[in-house]
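Visitor: The following block contains the structure, expressed as structure tokens.
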Amino acid sequence: MVEKDSNQVQFSIRSLMDVVRARRRGLEIALTMGFPHAEATKVAVVISELGRNIERYVGEGTITLTTHVGADKHIEIVVEDHGPGIADVDRVLAGGYSTSKGLGLGISGSRRLMDEFEIQSVVGEGTTIKAIKWLR
Amino acid sequence: MEIMETTTIIQKLESLLLVSVPRDLTDNDVLQLRRQVLRDIRRHNSRWVLLDFSLVDICDSFFGRFIHTTAQMAELMGAEVIISGLQDAVVETMVELGMTLPNIHAVLDLDDALALSRESQQASQAAGGQDPGEPLNPALAELGQADGESVDGDANSTFADLTKE
């Protein structure tokens with residue numbers, strides 16, 4: 001008997017309603033996994049921030065949530081788009097950008113809320129962000 | 001099944017405008033809510049706006065910005081914004097995300113909000129109603145409550161004495 005220890009759900013993001021749906025589902029999933037309320041809320045807010053970025057700057061993309069319930073329980077958020085890409089990733093991570101009317105918290109703030117955070121971006125091709133929160 | 005809760009309830013209580021912020025708001029809903037709040041401040045001559053977040057369990061940076069800009073706009077209309085009901089998980093997330101809300105009063109619940117608005121009203125009456133919109137600190141409000149009109153007179157005479165010397 002092999003027990004399935006990971007589950008995946010993908011959201012396509014085209015509108016803010018999609019973002020609202022994805023973050024609510026993310027909150028439910030994290031709570032079901034056993035994350036404390038504050039940690040589950042952080043997962044939901046990261047989905048919201050990164051989902052908003054897609055909606056605002058790219059128009060279309062996906063958010064994939066993968067839950068690992070085996071030995072090292074964690075939730076992984078992968079946000080992918082084929083938009084313009086990010087020219088200066090370091091600056092975005094440092095929170096120095098204020099390109100939009102936002103407070104510039106989107107990506108740098110999301111990084112603070114997660115345990116692992118990684119951006120791969122190629123200008124003209126798109127961006128993939130991978131973020132992990134461990135259930136300790 | 002999905003439940004989208006976007007209905008806003010705005011009620012008037014004394015000088016307070018009570019706004020129960022719905023759980024799942026899109027950006028358009030948020031902008032509409034802000035306009036509705038500003039309209040109702042005018043309509044009820046409200047001195048205080050209480051934004052109650054008891055229903056909100058996900059507060060991202062856009063939401064934080066909404067609170068901040070609503071407070072700025074309300075201030076231009078002579079009203080102050082109080083927020084209440086922020087859940088502990090929401091607060092922890094907001095602060096770690098890096099959100100700050102300067103110049104915003106936060107209270108635990110409706111009772112505290114009501115006490116704050118009443119204190120300020122009493123203090124402004126004690127001060128001769130010269131600055132009715134401005135909330136004073138609780139210590140000043142208590143002083144006004146205890147001594148009534150005389151506080152104003154004493155303060156003035158002390159000031160007058162000082163200027164003579």
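Convention: chains lettered A, B, ... in structure tokens order; per-chain residue numbering from 1; ligands numbered from 1 as shown.
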Could you list, as a PDB file with N, CA and C atoms, in the first residue's frame, the residues of chain A having an atom within 8 Å of chain B when counting only C-alpha atoms?

Guide:
```pdb
ATOM      1  N   LEU A  16      -9.592  39.507 -10.224  1.00  0.00           N
ATOM      2  CA  LEU A  16      -9.451  39.585  -8.768  1.00  0.00           C
ATOM      3  C   LEU A  16     -10.329  38.561  -8.068  1.00  0.00           C
ATOM      4  N   MET A  17     -11.455  38.222  -8.735  1.00  0.00           N
ATOM      5  CA  MET A  17     -12.321  37.199  -8.150  1.00  0.00           C
ATOM      6  C   MET A  17     -11.573  35.870  -8.057  1.00  0.00           C
ATOM      7  N   VAL A  20      -9.345  36.114  -5.034  1.00  0.00           N
ATOM      8  CA  VAL A  20     -10.128  35.964  -3.795  1.00  0.00           C
ATOM      9  C   VAL A  20     -10.444  34.487  -3.547  1.00  0.00           C
ATOM     10  N   HIS A  37      -3.621  29.097  13.067  1.00  0.00           N
ATOM     11  CA  HIS A  37      -4.403  30.076  12.325  1.00  0.00           C
ATOM     12  C   HIS A  37      -3.551  31.193  11.705  1.00  0.00           C
ATOM     13  N   ALA A  38      -2.583  31.712  12.503  1.00  0.00           N
ATOM     14  CA  ALA A  38      -1.769  32.821  11.997  1.00  0.00           C
ATOM     15  C   ALA A  38      -0.928  32.389  10.793  1.00  0.00           C
ATOM     16  N   GLU A  39      -0.405  31.153  10.842  1.00  0.00           N
ATOM     17  CA  GLU A  39       0.419  30.664   9.727  1.00  0.00           C
ATOM     18  C   GLU A  39      -0.432  30.440   8.480  1.00  0.00           C
ATOM     19  N   THR A  41      -3.107  32.042   7.773  1.00  0.00           N
ATOM     20  CA  THR A  41      -3.454  33.374   7.282  1.00  0.00           C
ATOM     21  C   THR A  41      -2.315  33.934   6.424  1.00  0.00           C
ATOM     22  N   LYS A  42      -1.082  33.672   6.854  1.00  0.00           N
ATOM     23  CA  LYS A  42       0.073  34.147   6.085  1.00  0.00           C
ATOM     24  C   LYS A  42       0.109  33.506   4.698  1.00  0.00           C
ATOM     25  N   ALA A  44      -2.442  32.474   3.038  1.00  0.00           N
ATOM     26  CA  ALA A  44      -3.519  33.091   2.260  1.00  0.00           C
ATOM     27  C   ALA A  44      -3.128  34.480   1.770  1.00  0.00           C
ATOM     28  N   VAL A  45      -2.445  35.245   2.613  1.00  0.00           N
ATOM     29  CA  VAL A  45      -2.062  36.607   2.234  1.00  0.00           C
ATOM     30  C   VAL A  45      -0.986  36.581   1.134  1.00  0.00           C
ATOM     31  N   SER A  48      -2.653  35.978  -1.996  1.00  0.00           N
ATOM     32  CA  SER A  48      -3.336  37.213  -2.386  1.00  0.00           C
ATOM     33  C   SER A  48      -2.368  38.225  -3.007  1.00  0.00           C
ATOM     34  N   GLU A  49      -1.226  38.439  -2.354  1.00  0.00           N
ATOM     35  CA  GLU A  49      -0.253  39.423  -2.854  1.00  0.00           C
ATOM     36  C   GLU A  49       0.276  39.015  -4.230  1.00  0.00           C
ATOM     37  N   GLY A 102       0.938  50.776  -5.060  1.00  0.00           N
ATOM     38  CA  GLY A 102       1.057  49.913  -3.892  1.00  0.00           C
ATOM     39  C   GLY A 102       2.072  50.425  -2.902  1.00  0.00           C
ATOM     40  N   LEU A 103       2.135  49.764  -1.773  1.00  0.00           N
ATOM     41  CA  LEU A 103       3.098  50.161  -0.761  1.00  0.00           C
ATOM     42  C   LEU A 103       4.432  49.464  -0.997  1.00  0.00           C
ATOM     43  N   LEU A 105       4.924  46.325  -0.908  1.00  0.00           N
ATOM     44  CA  LEU A 105       5.063  45.236   0.061  1.00  0.00           C
ATOM     45  C   LEU A 105       4.855  43.873  -0.570  1.00  0.00           C
ATOM     46  N   GLY A 106       4.210  43.860  -1.748  1.00  0.00           N
ATOM     47  CA  GLY A 106       3.773  42.610  -2.360  1.00  0.00           C
ATOM     48  C   GLY A 106       4.778  41.479  -2.239  1.00  0.00           C
ATOM     49  N   GLY A 109       7.208  41.647   1.190  1.00  0.00           N
ATOM     50  CA  GLY A 109       6.393  41.272   2.346  1.00  0.00           C
ATOM     51  C   GLY A 109       6.064  39.789   2.331  1.00  0.00           C
ATOM     52  N   SER A 110       5.743  39.272   1.154  1.00  0.00           N
ATOM     53  CA  SER A 110       5.418  37.849   1.021  1.00  0.00           C
ATOM     54  C   SER A 110       6.603  36.997   1.433  1.00  0.00           C
ATOM     55  N   ARG A 112       8.816  37.687   3.644  1.00  0.00           N
ATOM     56  CA  ARG A 112       8.912  37.666   5.110  1.00  0.00           C
ATOM     57  C   ARG A 112       7.911  36.705   5.741  1.00  0.00           C
ATOM     58  N   LEU A 113       6.787  36.491   5.042  1.00  0.00           N
ATOM     59  CA  LEU A 113       5.736  35.648   5.627  1.00  0.00           C
ATOM     60  C   LEU A 113       5.997  34.149   5.436  1.00  0.00           C
TER      61      LEU A 113
END
```

Visitor: Near His82 (chain A), within 9 Å and counting only C-alpha atoms, which residues show up once chain neighbours fewer than 6 positions away are dropped, as a list of chain:residue names?

Guide: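 Surrounding residues, per the criterion: A:Val58, A:Glu60, A:Gly61, A:Gly124, A:Glu125, A:Gly126, A:Thr127, A:Thr128.
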
Visitor: Would you mind writing down, as a list in words, each residue of region 37-99 of chain B that DSSP on the backbone assigns to strand (DSSP E or B)?

Guide: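 Checking each residue of region 37-99 of chain B, the strand (DSSP E or B) ones are Trp48, Val49, Leu50, Leu51, Asp52, Glu80, Val81, Ile82, Ile83 and Ser84 of chain B.
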
Visitor: Between A:Thr62, A:Leu31, A:Ile107, A:Lys4, single out the one closest to Ile86 (chain A), counting only C-alpha atoms.

Guide: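 For Ile86 (chain A), the nearest of the given residues is A:Ile107.
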
Visitor: Under the rule that only C-alpha atoms are counted, which of B:Thr70, B:Asn103, B:Gln36, B:Ser20 is the nearest residue to Leu86 (chain B)?

Guide: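 Smallest distance to Leu86 (chain B) is found for B:Ser20.
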
Visitor: Show which residues sit within 9 Å of Ile132 (chain A), as a compact mmCIF listing (two decimals) with N, CA and C atoms, in the first residue's frame. Count only C-alpha atoms, and ignore same-chain residues fewer than 2 positions away.

Guide:
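Done, and the output landed in result.txt:
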```
# COMPACT_ATOMS: atom_id res chain seq x y z
N VAL A 43 -0.18 32.21 4.65
CA VAL A 43 -0.23 31.52 3.36
C VAL A 43 -1.28 32.19 2.46
N HIS A 74 4.69 20.32 4.64
CA HIS A 74 4.79 21.72 4.21
C HIS A 74 3.82 22.00 3.09
N ILE A 75 3.60 23.27 2.87
CA ILE A 75 2.76 23.71 1.76
C ILE A 75 3.62 24.55 0.83
N GLU A 76 3.46 24.30 -0.46
CA GLU A 76 4.27 25.00 -1.45
C GLU A 76 3.34 25.80 -2.37
N ILE A 77 3.70 27.06 -2.56
CA ILE A 77 2.94 27.92 -3.47
C ILE A 77 3.82 28.20 -4.68
N VAL A 78 3.35 27.84 -5.87
CA VAL A 78 4.11 28.19 -7.08
C VAL A 78 3.26 29.12 -7.93
N MET A 114 6.93 33.82 4.52
CA MET A 114 7.18 32.40 4.21
C MET A 114 8.55 31.96 4.72
N ASP A 115 8.77 30.63 4.76
CA ASP A 115 10.05 30.10 5.22
C ASP A 115 11.08 30.07 4.09
N GLU A 116 10.60 29.74 2.90
CA GLU A 116 11.51 29.75 1.74
C GLU A 116 10.84 30.52 0.61
N PHE A 117 11.65 31.25 -0.14
CA PHE A 117 11.07 32.11 -1.17
C PHE A 117 12.09 32.27 -2.28
N LYS A 130 8.45 30.56 -6.19
CA LYS A 130 8.17 29.36 -5.40
C LYS A 130 8.34 29.71 -3.93
N TRP A 134 6.82 25.56 6.21
CA TRP A 134 6.92 24.26 6.88
C TRP A 134 5.96 24.20 8.05
```

Visitor: Can you pull out every residue within 7 Å of Ser84 (chain B), counting only C-alpha atoms, but drop anything in the same chain fewer than 2 positions away, and send it as a list in words?

Guide: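 With the cut-off at 7 Å, the set is Leu51, Asp52, Phe53, Ile82, Leu86, Ala106, Val107, Leu108 and Asp109 of chain B.
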
Visitor: Those residues with C-alpha atoms, as a tab-separated table (two decimals), in the first residue's frame please?

Guide:
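Result saved to again.tsv:
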```tsv
chain	number	residue	atom	x	y	z
B	51	LEU	CA	-14.43	50.08	10.70
B	52	ASP	CA	-15.14	46.70	12.22
B	53	PHE	CA	-12.96	43.89	10.90
B	82	ILE	CA	-11.28	53.85	14.50
B	86	LEU	CA	-8.87	42.73	14.08
B	106	ALA	CA	-7.50	50.88	17.24
B	107	VAL	CA	-9.91	49.58	19.87
B	108	LEU	CA	-10.92	46.14	21.02
B	109	ASP	CA	-14.65	46.37	20.47
```
